[in-house]
Structure formats: structure tokens, C-alpha cells
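> As input, take entry.csv (CSV, C-alpha atoms):
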```csv
chain,number,residue,atom,x,y,z
A,63,MET,CA,0.0,0.0,0.0
A,64,ALA,CA,1.3,3.5,-0.8
A,65,ASN,CA,2.2,5.9,1.9
A,66,PHE,CA,-0.5,8.6,2.2
A,67,ASN,CA,2.1,11.1,3.2
A,68,GLU,CA,3.5,11.0,-0.3
A,69,PHE,CA,0.4,12.5,-1.8
A,70,ASP,CA,-1.2,15.9,-1.6
A,71,TRP,CA,-4.4,15.6,0.3
A,72,ASN,CA,-4.9,19.3,0.7
A,73,GLU,CA,-6.7,20.3,3.9
A,74,THR,CA,-7.8,17.5,6.3
A,75,ILE,CA,-11.5,17.3,6.8
A,76,GLU,CA,-12.2,17.2,10.5
A,77,PRO,CA,-15.9,16.5,11.1
A,78,GLU,CA,-15.5,16.2,14.9
A,79,VAL,CA,-13.4,19.3,15.8
A,80,LYS,CA,-13.5,21.6,12.8
A,81,GLU,CA,-14.6,25.1,13.7
A,82,THR,CA,-17.1,26.9,11.5
A,83,LYS,CA,-15.4,29.6,9.5
A,84,PRO,CA,-17.3,32.9,9.1
A,85,LEU,CA,-19.3,32.9,5.9
A,86,TYR,CA,-18.1,36.5,5.5
A,87,THR,CA,-16.0,38.9,7.5
A,88,GLU,CA,-18.2,41.4,9.2
A,89,ASN,CA,-17.5,44.9,7.9
A,90,ILE,CA,-13.8,44.9,8.7
A,91,ARG,CA,-12.3,48.4,8.3
A,92,TYR,CA,-8.5,48.5,8.3
A,93,LYS,CA,-6.8,51.4,10.0
A,94,THR,CA,-3.9,51.4,7.6
A,95,ARG,CA,-6.1,51.9,4.5
A,96,LYS,CA,-5.8,55.5,3.3
A,97,ARG,CA,-7.4,55.3,-0.2
A,98,LYS,CA,-9.7,53.1,-2.2
A,99,ASN,CA,-8.0,51.0,-4.9
A,100,PRO,CA,-10.2,49.3,-7.4
A,101,PHE,CA,-7.9,46.3,-7.6
A,102,MET,CA,-7.7,46.0,-3.9
A,103,MET,CA,-11.4,46.4,-3.4
A,104,ALA,CA,-12.1,43.6,-5.9
A,105,LEU,CA,-9.5,41.3,-4.3
A,106,ILE,CA,-10.9,41.9,-0.8
A,107,GLY,CA,-14.4,41.2,-2.1
A,108,ALA,CA,-13.1,37.9,-3.4
A,109,LEU,CA,-11.3,37.0,-0.2
A,110,VAL,CA,-14.4,37.5,2.0
A,111,GLY,CA,-16.7,35.9,-0.5
A,112,GLY,CA,-17.3,32.7,1.4
A,113,ILE,CA,-18.5,29.6,-0.3
A,114,VAL,CA,-19.3,29.5,-4.0
A,115,ALA,CA,-21.9,27.0,-5.2
A,116,SER,CA,-23.6,27.0,-8.6
A,117,GLY,CA,-22.4,30.5,-9.3
A,118,ALA,CA,-23.7,32.0,-6.0
A,119,THR,CA,-21.8,33.1,-3.0
A,120,VAL,CA,-23.2,32.3,0.4
A,121,LEU,CA,-22.4,35.0,2.9
A,122,CYS,CA,-22.9,35.2,6.7
A,123,VAL,CA,-24.2,38.6,7.2
A,124,PRO,CA,-31.1,34.6,19.2
A,125,TYR,CA,-41.1,26.7,26.4
A,126,VAL,CA,-37.8,28.5,27.8
A,127,ARG,CA,-36.6,27.3,31.2
A,128,MET,CA,-35.2,29.5,33.9
A,129,LEU,CA,-31.5,29.0,34.4
A,130,GLY,CA,-29.4,29.4,37.6
A,131,GLY,CA,-29.5,32.7,39.4
A,132,ASN,CA,-31.5,35.5,37.7
A,133,VAL,CA,-31.0,34.3,34.1
A,134,VAL,CA,-34.3,34.5,32.4
A,135,ILE,CA,-35.0,34.6,28.6
A,136,TYR,CA,-38.4,36.2,27.9
A,137,ARG,CA,-40.7,34.5,25.5
A,138,GLY,CA,-44.2,35.7,24.6
A,139,ALA,CA,-46.1,37.0,27.6
A,140,SER,CA,-44.8,34.4,30.0
A,141,GLN,CA,-42.4,36.8,31.8
A,142,GLN,CA,-43.2,40.4,32.6
A,143,GLN,CA,-40.6,42.1,34.8
A,144,ASN,CA,-41.3,45.8,34.5
A,145,GLU,CA,-43.5,48.3,32.8
A,146,ALA,CA,-41.2,48.7,29.8
A,147,GLN,CA,-41.4,45.0,29.1
A,148,THR,CA,-45.2,44.9,29.6
A,149,GLN,CA,-45.6,47.7,27.0
A,150,ALA,CA,-43.3,45.9,24.6
A,151,LEU,CA,-45.6,42.8,24.6
A,152,SER,CA,-48.0,42.5,21.8
A,153,VAL,CA,-50.2,39.8,23.4
A,154,THR,CA,-53.2,39.9,25.7
A,155,GLY,CA,-53.9,36.5,27.2
A,156,GLU,CA,-54.0,34.0,24.3
A,157,GLU,CA,-54.8,36.7,21.7
A,158,LYS,CA,-52.2,38.6,19.7
A,159,THR,CA,-52.6,42.0,18.1
A,160,GLU,CA,-50.7,42.6,14.9
A,161,LEU,CA,-48.6,45.7,14.8
A,162,THR,CA,-47.6,48.0,12.0
A,163,ILE,CA,-44.0,47.8,10.8
A,164,ALA,CA,-43.4,51.2,12.4
A,165,GLU,CA,-44.7,49.9,15.7
A,166,VAL,CA,-42.5,46.8,15.6
A,167,ALA,CA,-39.5,49.0,14.8
A,168,LYS,CA,-40.3,51.3,17.7
A,169,ARG,CA,-40.7,48.5,20.2
A,170,VAL,CA,-38.1,46.0,19.1
A,171,GLY,CA,-35.4,48.4,17.8
A,172,PRO,CA,-34.1,49.3,21.3
A,173,ALA,CA,-33.5,45.6,22.0
A,174,VAL,CA,-31.1,45.4,19.1
A,175,VAL,CA,-27.5,46.6,19.7
A,176,GLY,CA,-24.4,47.1,17.7
A,177,ILE,CA,-21.3,45.0,18.4
A,178,SER,CA,-17.8,45.8,17.5
A,179,CYS,CA,-14.4,44.3,18.3
A,180,ASN,CA,-10.8,44.4,17.2
A,181,VAL,CA,-9.6,41.7,14.9
A,182,THR,CA,-6.3,40.6,13.4
A,183,THR,CA,-6.4,39.5,9.8
A,184,THR,CA,-3.7,37.8,7.8
A,185,THR,CA,-3.7,38.4,4.0
A,186,TRP,CA,-1.3,38.2,1.2
A,187,PHE,CA,-0.1,41.6,2.2
A,188,GLY,CA,0.7,40.7,5.8
A,189,THR,CA,-1.0,41.1,9.1
A,190,GLN,CA,-3.5,43.9,9.6
A,191,GLN,CA,-5.4,45.2,12.5
A,192,GLY,CA,-9.0,46.0,11.9
A,193,THR,CA,-12.5,46.5,13.5
A,194,SER,CA,-15.3,44.0,13.0
A,195,GLY,CA,-18.9,45.0,13.4
A,196,GLY,CA,-22.2,43.2,13.7
A,197,SER,CA,-25.5,43.2,15.6
A,198,GLY,CA,-26.9,41.5,18.8
A,199,ILE,CA,-30.1,41.1,20.7
A,200,ILE,CA,-30.6,41.9,24.4
A,201,LEU,CA,-32.1,38.7,26.1
A,202,ASN,CA,-32.6,39.9,29.6
A,203,ASN,CA,-31.8,42.6,32.2
A,204,ASP,CA,-28.8,40.6,33.5
A,205,GLY,CA,-27.0,41.9,30.4
A,206,TYR,CA,-26.9,38.7,28.2
A,207,ILE,CA,-26.8,39.4,24.5
A,208,VAL,CA,-27.0,36.9,21.7
A,209,THR,CA,-25.2,37.3,18.4
A,210,ASN,CA,-23.4,35.2,15.7
A,211,ASN,CA,-20.2,33.5,16.6
A,212,HIS,CA,-18.6,34.9,13.5
A,213,VAL,CA,-19.2,38.5,14.7
A,214,VAL,CA,-17.0,38.1,17.8
A,215,ASN,CA,-14.9,35.1,16.9
A,216,GLY,CA,-11.2,35.9,17.6
A,217,GLY,CA,-12.2,39.5,18.6
A,218,THR,CA,-10.8,41.5,21.5
A,219,ASN,CA,-11.9,44.7,23.1
A,220,ILE,CA,-15.6,43.9,22.5
A,221,LYS,CA,-17.9,46.9,22.6
A,222,VAL,CA,-21.7,47.1,22.7
A,223,LYS,CA,-23.6,50.2,21.4
A,224,PHE,CA,-27.2,50.8,22.4
A,225,ASN,CA,-29.7,52.8,20.3
A,226,ASN,CA,-29.4,55.7,22.7
A,227,GLY,CA,-25.7,56.1,21.8
A,228,ASP,CA,-24.3,54.6,25.0
A,229,GLU,CA,-21.3,52.2,24.5
A,230,VAL,CA,-20.1,49.7,27.0
A,231,ASP,CA,-17.5,46.9,27.3
A,232,ALA,CA,-18.7,43.3,26.9
A,233,THR,CA,-17.2,39.9,27.5
A,234,ILE,CA,-17.8,36.6,25.7
A,235,VAL,CA,-19.8,34.1,27.9
A,236,GLY,CA,-19.6,31.3,25.3
A,237,ALA,CA,-19.5,30.8,21.6
A,238,ASP,CA,-20.4,27.8,19.4
A,239,SER,CA,-18.9,27.5,16.0
A,240,LYS,CA,-21.2,24.7,14.8
A,241,THR,CA,-24.4,26.7,15.2
A,242,ASP,CA,-22.7,30.1,14.7
A,243,ILE,CA,-24.2,31.3,18.0
A,244,ALA,CA,-22.4,33.3,20.7
A,245,VAL,CA,-23.5,35.0,23.9
A,246,ILE,CA,-21.8,38.1,25.3
A,247,LYS,CA,-22.5,40.0,28.5
A,248,VAL,CA,-22.6,43.6,29.6
A,249,GLU,CA,-23.4,44.9,33.1
A,250,ALA,CA,-26.9,44.2,34.4
A,251,ASN,CA,-29.4,47.0,34.2
A,252,PRO,CA,-33.1,46.9,35.1
A,253,ASN,CA,-33.9,49.4,32.3
A,254,TYR,CA,-32.7,47.4,29.3
A,255,ASN,CA,-35.2,47.0,26.5
A,256,VAL,CA,-35.5,43.2,26.5
A,257,ALA,CA,-36.4,41.2,23.4
A,258,ILE,CA,-39.5,39.0,23.4
A,259,LEU,CA,-38.9,35.6,21.7
A,260,GLY,CA,-41.5,34.1,19.5
A,261,ASP,CA,-42.0,30.5,18.2
A,262,SER,CA,-40.2,29.8,14.9
A,263,ASP,CA,-42.0,26.5,14.6
A,264,THR,CA,-45.2,28.3,13.8
A,265,VAL,CA,-43.7,30.6,11.1
A,266,GLN,CA,-45.5,30.3,7.8
A,267,VAL,CA,-44.4,31.1,4.3
A,268,GLY,CA,-45.7,34.5,3.1
A,269,GLU,CA,-46.0,36.1,6.5
A,270,THR,CA,-44.4,39.5,7.1
A,271,ALA,CA,-40.7,39.4,8.3
A,272,ILE,CA,-38.9,42.5,9.6
A,273,ALA,CA,-35.1,42.6,9.9
A,274,ILE,CA,-33.5,45.0,12.4
A,275,GLY,CA,-29.7,45.4,12.6
A,276,ASN,CA,-26.7,47.5,11.7
A,277,PRO,CA,-25.6,47.1,8.1
A,278,LEU,CA,-22.2,48.8,7.7
A,279,ALA,CA,-22.1,49.0,11.5
A,280,ASP,CA,-22.4,52.5,13.0
A,281,GLU,CA,-22.9,54.1,9.5
A,282,LEU,CA,-26.5,52.8,9.3
A,283,PHE,CA,-27.3,51.9,12.9
A,284,GLY,CA,-30.7,50.5,13.6
A,285,THR,CA,-31.7,49.9,10.0
A,286,VAL,CA,-35.2,48.3,9.5
A,287,THR,CA,-36.1,46.3,6.4
A,288,ALA,CA,-39.2,44.4,5.7
A,289,GLY,CA,-40.2,41.5,3.5
A,290,VAL,CA,-41.8,38.1,3.9
A,291,ILE,CA,-40.9,34.6,5.0
A,292,SER,CA,-39.8,33.1,1.7
A,293,GLY,CA,-39.3,29.6,3.0
A,294,VAL,CA,-38.9,27.5,6.1
A,295,ASN,CA,-36.6,24.6,6.8
A,296,ARG,CA,-34.2,25.6,4.1
A,297,THR,CA,-31.0,23.6,4.0
A,298,VAL,CA,-27.9,25.6,3.4
A,299,LYS,CA,-24.5,23.9,3.3
A,300,VAL,CA,-21.8,25.7,5.3
A,301,ASP,CA,-18.3,24.1,5.1
A,302,ASP,CA,-18.9,20.4,5.8
A,303,ARG,CA,-22.2,20.8,7.6
A,304,GLU,CA,-25.7,21.7,6.8
A,305,MET,CA,-27.9,24.4,8.6
A,306,THR,CA,-31.7,24.5,8.6
A,307,LEU,CA,-32.7,28.1,8.3
A,308,LEU,CA,-35.6,30.5,7.6
A,309,GLN,CA,-35.5,32.2,4.3
A,310,THR,CA,-36.6,35.8,3.9
A,311,ASP,CA,-36.4,38.5,1.2
A,312,ALA,CA,-36.1,41.3,3.9
A,313,ALA,CA,-32.8,43.0,3.0
A,314,ILE,CA,-29.8,41.6,5.0
A,315,ASN,CA,-26.4,43.0,4.6
A,316,SER,CA,-22.9,43.0,6.1
A,317,GLY,CA,-23.3,44.1,9.7
A,318,ASN,CA,-26.8,42.6,10.0
A,319,SER,CA,-25.3,39.4,11.4
A,320,GLY,CA,-26.6,38.6,14.9
A,321,GLY,CA,-29.6,41.0,14.4
A,322,ALA,CA,-33.3,40.3,14.7
A,323,LEU,CA,-35.8,38.8,12.3
A,324,VAL,CA,-39.1,39.8,13.8
A,325,ASN,CA,-42.8,39.0,13.2
A,326,LEU,CA,-45.7,41.4,13.3
A,327,TYR,CA,-46.3,40.7,16.9
A,328,GLY,CA,-42.9,42.2,17.8
A,329,GLU,CA,-41.4,38.7,18.6
A,330,ILE,CA,-38.0,37.5,17.6
A,331,ILE,CA,-38.3,34.6,15.3
A,332,GLY,CA,-34.7,34.3,14.0
A,333,ILE,CA,-31.1,35.5,14.1
A,334,ASN,CA,-30.1,37.0,10.8
A,335,SER,CA,-26.9,35.2,9.6
A,336,VAL,CA,-26.7,34.3,5.9
A,337,LYS,CA,-27.4,35.7,2.5
A,338,ILE,CA,-26.7,34.5,-1.1
A,339,VAL,CA,-25.1,36.9,-3.5
A,340,SER,CA,-24.7,36.3,-7.2
A,341,THR,CA,-25.4,38.1,-10.5
A,342,THR,CA,-28.5,36.0,-10.9
A,343,THR,CA,-30.0,36.2,-7.4
A,344,GLU,CA,-31.5,38.9,-5.3
A,345,GLY,CA,-33.3,39.0,-1.9
A,346,ILE,CA,-32.2,35.6,-0.6
A,347,GLY,CA,-31.4,35.9,3.1
A,348,PHE,CA,-31.5,33.4,5.9
A,349,ALA,CA,-31.9,33.5,9.7
A,350,ILE,CA,-31.3,30.9,12.3
A,351,PRO,CA,-34.7,29.9,13.8
A,352,ILE,CA,-35.1,31.2,17.3
A,353,ASN,CA,-36.3,27.8,18.6
A,354,GLU,CA,-32.9,26.4,17.6
A,355,VAL,CA,-31.0,29.3,19.1
A,356,VAL,CA,-32.6,29.1,22.6
A,357,PRO,CA,-31.1,25.8,23.8
A,358,ILE,CA,-27.7,26.8,22.5
A,359,VAL,CA,-27.9,30.1,24.4
A,360,GLN,CA,-29.1,28.3,27.6
A,361,ASP,CA,-26.1,25.9,27.5
A,362,LEU,CA,-23.6,28.7,26.7
A,363,ILE,CA,-24.8,30.8,29.7
A,364,GLU,CA,-25.0,27.9,32.1
A,365,TYR,CA,-22.0,25.8,31.1
A,366,GLY,CA,-19.9,27.9,28.6
A,367,TYR,CA,-20.3,25.3,26.0
A,368,VAL,CA,-23.1,23.2,24.4
A,369,LYS,CA,-23.6,20.3,26.8
A,370,GLY,CA,-24.1,16.7,25.6
A,371,ARG,CA,-22.9,17.1,22.1
A,372,PRO,CA,-21.3,13.8,20.9
A,373,LEU,CA,-17.7,13.5,19.7
A,374,VAL,CA,-16.2,10.5,17.8
A,375,GLY,CA,-12.7,11.8,18.0
A,376,ILE,CA,-11.3,11.4,14.5
A,377,SER,CA,-10.3,13.6,11.6
A,378,VAL,CA,-11.0,12.1,8.2
A,379,ARG,CA,-10.6,12.4,4.5
A,380,GLU,CA,-13.2,11.4,2.0
A,381,ILE,CA,-12.1,8.6,-0.4
A,382,THR,CA,-12.9,8.7,-4.1
A,383,LYS,CA,-12.3,6.0,-6.7
A,384,GLU,CA,-9.5,8.1,-8.2
A,385,LEU,CA,-7.8,8.5,-4.8
A,386,ALA,CA,-8.2,4.8,-4.0
A,387,TYR,CA,-6.7,3.8,-7.4
A,388,TYR,CA,-3.7,6.0,-7.2
A,389,ASN,CA,-3.0,5.2,-3.6
A,390,ASP,CA,-3.6,1.4,-3.9
A,391,LEU,CA,-6.3,1.4,-1.2
A,392,PRO,CA,-8.2,-1.8,-0.4
A,393,VAL,CA,-11.6,0.0,-0.9
A,394,ASP,CA,-12.8,2.8,-3.1
A,395,HIS,CA,-15.2,4.5,-0.7
A,396,GLY,CA,-15.4,5.5,2.9
A,397,LEU,CA,-13.5,7.9,5.2
A,398,TYR,CA,-9.7,7.6,5.6
A,399,VAL,CA,-8.7,8.3,9.2
A,400,MET,CA,-6.1,11.1,9.2
A,401,GLY,CA,-5.9,11.5,12.9
A,402,VAL,CA,-7.3,10.3,16.3
A,403,THR,CA,-8.0,12.7,19.2
A,404,GLU,CA,-6.2,11.7,22.4
A,405,ASN,CA,-8.4,10.2,25.1
A,406,SER,CA,-11.4,10.2,22.8
A,407,GLY,CA,-13.9,7.4,22.2
A,408,ALA,CA,-12.2,6.6,18.9
A,409,GLU,CA,-8.8,6.2,20.6
A,410,LYS,CA,-10.3,4.0,23.4
A,411,ALA,CA,-12.1,1.9,20.8
A,412,GLY,CA,-8.8,1.2,19.1
A,413,ILE,CA,-9.2,3.2,15.9
A,414,LYS,CA,-5.8,4.1,14.3
A,415,ARG,CA,-4.6,6.5,11.7
A,416,GLY,CA,-4.9,4.8,8.3
A,417,ASP,CA,-8.1,3.0,9.1
A,418,ILE,CA,-11.0,3.5,6.7
A,419,VAL,CA,-14.4,4.1,8.2
A,420,LEU,CA,-17.1,2.2,6.2
A,421,LYS,CA,-20.1,2.3,8.4
A,422,PHE,CA,-21.2,4.2,11.5
A,423,ASP,CA,-24.0,2.7,13.6
A,424,GLY,CA,-24.8,0.3,10.8
A,425,VAL,CA,-25.1,3.0,8.1
A,426,GLU,CA,-22.7,3.4,5.3
A,427,VAL,CA,-20.8,6.7,5.3
A,428,THR,CA,-18.9,8.1,2.4
A,429,THR,CA,-18.7,11.8,3.3
A,430,SER,CA,-18.0,13.9,6.4
A,431,ALA,CA,-21.6,15.2,6.3
A,432,GLU,CA,-23.0,11.7,6.4
A,433,LEU,CA,-20.8,10.8,9.4
A,434,ASN,CA,-21.8,13.9,11.2
A,435,ALA,CA,-25.5,13.3,10.5
A,436,GLN,CA,-25.3,9.8,12.0
A,437,ARG,CA,-23.2,11.0,15.0
A,438,ASP,CA,-25.7,13.8,15.8
A,439,LYS,CA,-28.5,11.3,16.2
A,440,HIS,CA,-26.8,10.3,19.4
A,441,ALA,CA,-25.7,11.9,22.7
A,442,ALA,CA,-22.5,11.8,24.6
A,443,GLY,CA,-22.2,8.5,26.4
A,444,ASP,CA,-24.0,6.4,23.8
A,445,VAL,CA,-22.2,3.3,22.5
A,446,VAL,CA,-22.3,2.8,18.7
A,447,GLN,CA,-20.7,0.3,16.4
A,448,ILE,CA,-18.2,1.6,13.8
A,449,GLU,CA,-17.1,-0.6,10.9
A,450,ILE,CA,-13.6,-0.1,9.6
A,451,ASP,CA,-11.2,-1.5,7.0
A,452,ARG,CA,-7.7,-2.0,8.3
A,453,ASP,CA,-5.2,-3.2,5.7
A,454,GLY,CA,-8.0,-5.0,3.8
A,455,GLN,CA,-9.5,-6.6,6.8
A,456,THR,CA,-13.0,-5.6,8.0
A,457,MET,CA,-13.5,-5.0,11.7
A,458,VAL,CA,-16.4,-3.8,13.8
A,459,LEU,CA,-15.6,-1.9,17.0
A,460,ASP,CA,-17.7,-0.6,19.9
A,461,LEU,CA,-17.2,3.1,20.3
A,462,THR,CA,-18.4,5.2,23.2
A,463,LEU,CA,-19.1,8.8,22.2
A,464,THR,CA,-17.5,11.4,24.4
A,465,GLU,CA,-18.6,15.0,25.0
A,466,ASP,CA,-17.5,17.6,22.5
A,467,ARG,CA,-16.3,20.8,24.2
A,468,GLN,CA,-14.1,21.9,21.4
A,469,SER,CA,-16.7,23.5,19.2
A,470,SER,CA,-17.6,25.9,22.0
A,471,GLN,CA,-15.3,28.2,23.7
A,472,GLN,CA,-15.3,31.1,26.3
```
Please, can you express the file's structure as C-alpha cells?


Amino acid sequence: MANFNEFDWNETIEPEVKETKPLYTENIRYKTRKRKNPFMMALIGALVGGIVASGATVLCVPYVRMLGGNVVIYRGASQQQNEAQTQALSVTGEEKTELTIAEVAKRVGPAVVGISCNVTTTTWFGTQQGTSGGSGIILNNDGYIVTNNHVVNGGTNIKVKFNNGDEVDATIVGADSKTDIAVIKVEANPNYNVAILGDSDTVQVGETAIAIGNPLADELFGTVTAGVISGVNRTVKVDDREMTLLQTDAAINSGNSGGALVNLYGEIIGINSVKIVSTTTEGIGFAIPINEVVPIVQDLIEYGYVKGRPLVGISVREITKELAYYNDLPVDHGLYVMGVTENSGAEKAGIKRGDIVLKFDGVEVTTSAELNAQRDKHAAGDVVQIEIDRDGQTMVLDLTLTEDRQSSQQ
């Protein structure tokens, strides 16, 4: 058998530990740039383009339980803490009153903040210091704010700007690369305008959707755009994983990431995160459904990471017929194990570098996405069978999934 090290395998696919890269860089303004250069602008546009598929570029543009202490996330009319919150609610008992777009903007706008931080970016021209900007949503009076992970990932000196112009320091409570959700915190204040969360499972195609955020950061702070829900349960592929999102034609641009997608009751139904840009598309934006955001936020606040997420503990490379032929592999499909995480379930099960994963939990897997999908049907602590090929011999091993803490960080 040929030695894999002799061949160019490009970047290793790591379904268990790979961090989600930002789908675009949030409005980074470099301090060293003095003038606009058409060539430079085109190049930067290409560098931050994200993922290209079928000619289109995908760009990344928060029943709730009470947590420990005073951490409360408000949903519907279930929590009323002060007069300001009561006025912000658009529900009376079981009945809801639709608001105008202007009324929604007036009531929800103060709960949406601007977020900025310092970032270091390495390009062909060296290392540059810049400022990244995005949006966030105030969850409660304890000062917890939800945003996108890619807004604050790798950032320092995080600042939060309120719609009254006040700016304060913030710290990262927890961030999750897999779901692109992060929670930051500012000092508690009983006078915060707190967002009310809706139920994204009840969202219907065609209903009004209102996006509130900060495109181009401070330059257009508090921008409100309106459209409709264009689709639900849309599958958008990001790196080697798939996200299920709400689709809207409400305008979403750079700086809107982490901002609110709101219904006509003034309830947050999604976190604006993704858009598709191409010469043949217009008005295709996506938001993370709020029902998927809430449990992530809860875990990030309580534990600093997403609890119970399963980890196999291997990095893999997908095998094609061509690669199998040129590398004299015993099989022409499956996942070649490039590395095994120390103390992981894979290492304890006896998996080694050079093994080829054929089946996971009885299901054939030929791509990282397929392996991830089967893994995510389980929880940490579950025991699954993994079928491998080792030097032409098929083996079935029992593997105990461990807890993945590497996708989340404080």
C-alpha cells in the first residue's frame, strides 16, 4: 500500500473538531487603508466571498426554562418584569394583536444593539489590525446578548452600542462554531429593553418578516427592512455541515449578522446570519430559527459550551475512486482516518490513523456530512458500532461517544 504522506491531500476534513469559519468577514475596516484602490477592493471582495456554489456566493451577514440565578429569557407574555417590558408585549392572554412595521421597529429596535471588536487578519499583504462590526439582541436585564459566533470570533476589546448612543464593554460568555451562535455579556441593568422571543416552529411562508440590525455598523445603525418569509426549513450547506434556516427577502447585509428577524407581533423569530449573492439572485437571506437558538444560548450561559454534544474523535478524508486507485487502497469508498484525538472514544475503541471508516451505527458513510448526521443522532455516552477496514480486513468496533467541548469556547 502506498504511503498517504507521499500524496497531496490538501486540507484535512475534521468533522469532529473543525470550527465553523465565518461565511463572511463582518465589515472589517482596516486602520492602515488610506485610499480606495479598485484592484484592492475587488480582491478583498473575493477573499471574503465565502462559499461559491452554482455561481452563487453564500455570505454570513437569538417553552424557555429558567437558568441558575436570575438568568431569564423572555418568550411571549410568559415573563413580565417591568413596565417597559409589559408595554413591549403585543399579546393579551391568548390573543395577539398585529402591529404595523413602524410599531414593531419602535418596540423591538431598542433591544437590538451594535457590536464591534478588534480583529487581526492575515492576508497576502501581511497582518493587519481592523475592526469587525455586527449586531446583537438583548435577552434579559442581566445583560446577556445573543449574536453570531462569526461576529465576535477571535475578537478583542468587544464593545456594545445601544440605540441611545451609549457604548459599554462586553465579555464573551460562550460561543459555538457549529451553530454560529455566541453569547456576550454587559453589566446588568433593570432598564434594558429586552427582546421577546417568538415561536419559529409556527412561522409560515408568506407572513411578514422584519429585519433589524446595523448594516455597515455605525454608519447605518438601527436599519429596519421588511419582506416576507420566503421559505422555512431551508437547508444551506456551510463548510462540511448543513444548517436548517428560515429564508426571507427582507434585506440583510454585512453588519446585520446577529440581528433580529421579527414577526408582526414584535417577537424575535430568527437571528439574521446568511445571504446568497450572485449576479442571478436577489433578496435571498437566511436566519437561524429562534427555537434552535434558545437551547444553545441556555447551555452557553450555564456551562460555557453546548452540553451533551457527541464526539467521535477522528479527523477524516473522503475517499474517491480516483484516490483509491492512485493510492492502492483496499476499498474505493469510505473515510480515511487522518488523525485520532487523544483520550477520545475513537482512541479508546482502538481506531488508528490509516483505518478506513465504512459504516457508523450500521449506516454506510462516504462523506463527512453523512458521518456527522449519524453521529448527531446520538448523545455523549452512547455506544455505537463503527465498521472499519484496516489493511484489507473488515473490523467492527464498539465506540463510546464522548462529549464535544471543542466547538464551543469562552

> Quick check, in Å to one decimal: how far apart do atom CA of A:Asn180 and atom CA of A:Val214 lie?

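These two atoms are separated by 8.9 Å.
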
> Quick one: residues within 12 Å of A:Val368, all atoms listed in the file, excluding same-chain residues fewer than 2 positions away - as a ChimeraX atom specification?

/A:235-245,355-366,370-372,441-442,465-472

> So which residues are close to (-29.6, 36.1, 12.3), meaning at most 8 Å away in the file's coordinates with only C-alpha atoms counted, and can you show them as a ChimeraX atom specification?

/A:123-124,209-210,318-323,332-336,348-350

> So what do you get for atom CA of A:Lys383 versus atom CA of A:Asp451, distance-wise?

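These atoms are spaced 15.7 Å apart.
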
> Between atom CA of A:Asp311 and atom CA of A:Ile291, what is the distance in Å, rounded to a tenth?

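Result for atom CA of A:Asp311 versus atom CA of A:Ile291: 7.1 Å, one decimal.
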
> Of the candidates A:Arg296, A:His212, A:Lys337, A:Arg452, which one gets nearest to A:Ile413 if we count only C-alpha atoms?

A:Arg452

> For A:Ala273, which of A:Met400, A:Val393, A:Ala408, A:Val290 is the closest residue, counting only C-alpha atoms?

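Closest candidate: A:Val290.
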
> Which is closest to A:Ile199 among A:Glu329, A:Glu160, A:Asp453, A:Glu409, if we use all atoms listed in the file?

A:Glu329

> Rank A:Val267, A:Leu420, A:Val286, A:Leu278 by their smallest atom-to-atom distance to A:Gln309, using all atoms listed in the file, and report the top residue only.

A:Val267

> Show which residues sit within 10 Å of A:Asp263, as a VMD selection string. Count only C-alpha atoms, and ignore same-chain residues fewer than 6 positions away.

chain A and resid 294 to 295 331 351 to 354

> Write out, as a PDB file, in the frame of the given file, the residues just selected, with C-alpha atoms.


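Generated output (part36.pdb):
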```
ATOM      1  CA  VAL A 294     -38.900  27.500   6.100  1.00  0.00           C
ATOM      2  CA  ASN A 295     -36.600  24.600   6.800  1.00  0.00           C
ATOM      3  CA  ILE A 331     -38.300  34.600  15.300  1.00  0.00           C
ATOM      4  CA  PRO A 351     -34.700  29.900  13.800  1.00  0.00           C
ATOM      5  CA  ILE A 352     -35.100  31.200  17.300  1.00  0.00           C
ATOM      6  CA  ASN A 353     -36.300  27.800  18.600  1.00  0.00           C
ATOM      7  CA  GLU A 354     -32.900  26.400  17.600  1.00  0.00           C
TER       8      GLU A 354
END
```

> Looking at all atoms listed in the file, which of A:Gly205, A:Gly293, A:Gly345, A:Pro277 is the one that sits closest to A:Glu249?

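Using all atoms listed in the file, the shortest distance to A:Glu249 belongs to A:Gly205.
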
> Could you name the residues that touch A:Lys414 at 8 Å or less, counting all atoms listed in the file, but leaving out those on the same chain fewer than 4 positions away, as a short mmCIF file (atom, residue, chain, number, x, y, z; two decimals) with C-alpha atoms, in the frame of the given file?


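Final output, around.cif:
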```cif
data_model
loop_
_atom_site.label_atom_id
_atom_site.label_comp_id
_atom_site.auth_asym_id
_atom_site.auth_seq_id
_atom_site.Cartn_x
_atom_site.Cartn_y
_atom_site.Cartn_z
CA VAL A 399 -8.70 8.30 9.20
CA GLY A 401 -5.90 11.50 12.90
CA VAL A 402 -7.30 10.30 16.30
CA GLU A 409 -8.80 6.20 20.60
#
```

> Which neighbours of A:Leu397 fall inside 6 Å, counting all atoms listed in the file, when residues of the same chain fewer than 2 positions from it are skipped, and could you give them as a list in words?

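The contact residues come out as Val378, Arg379, Glu380, Ile381, Ile418 and Val419 of chain A.
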
> When distances are computed from all atoms listed in the file, which of A:Val298, A:Leu282, A:Leu308, A:Val222 shows the smallest separation from A:Val265?

A:Leu308
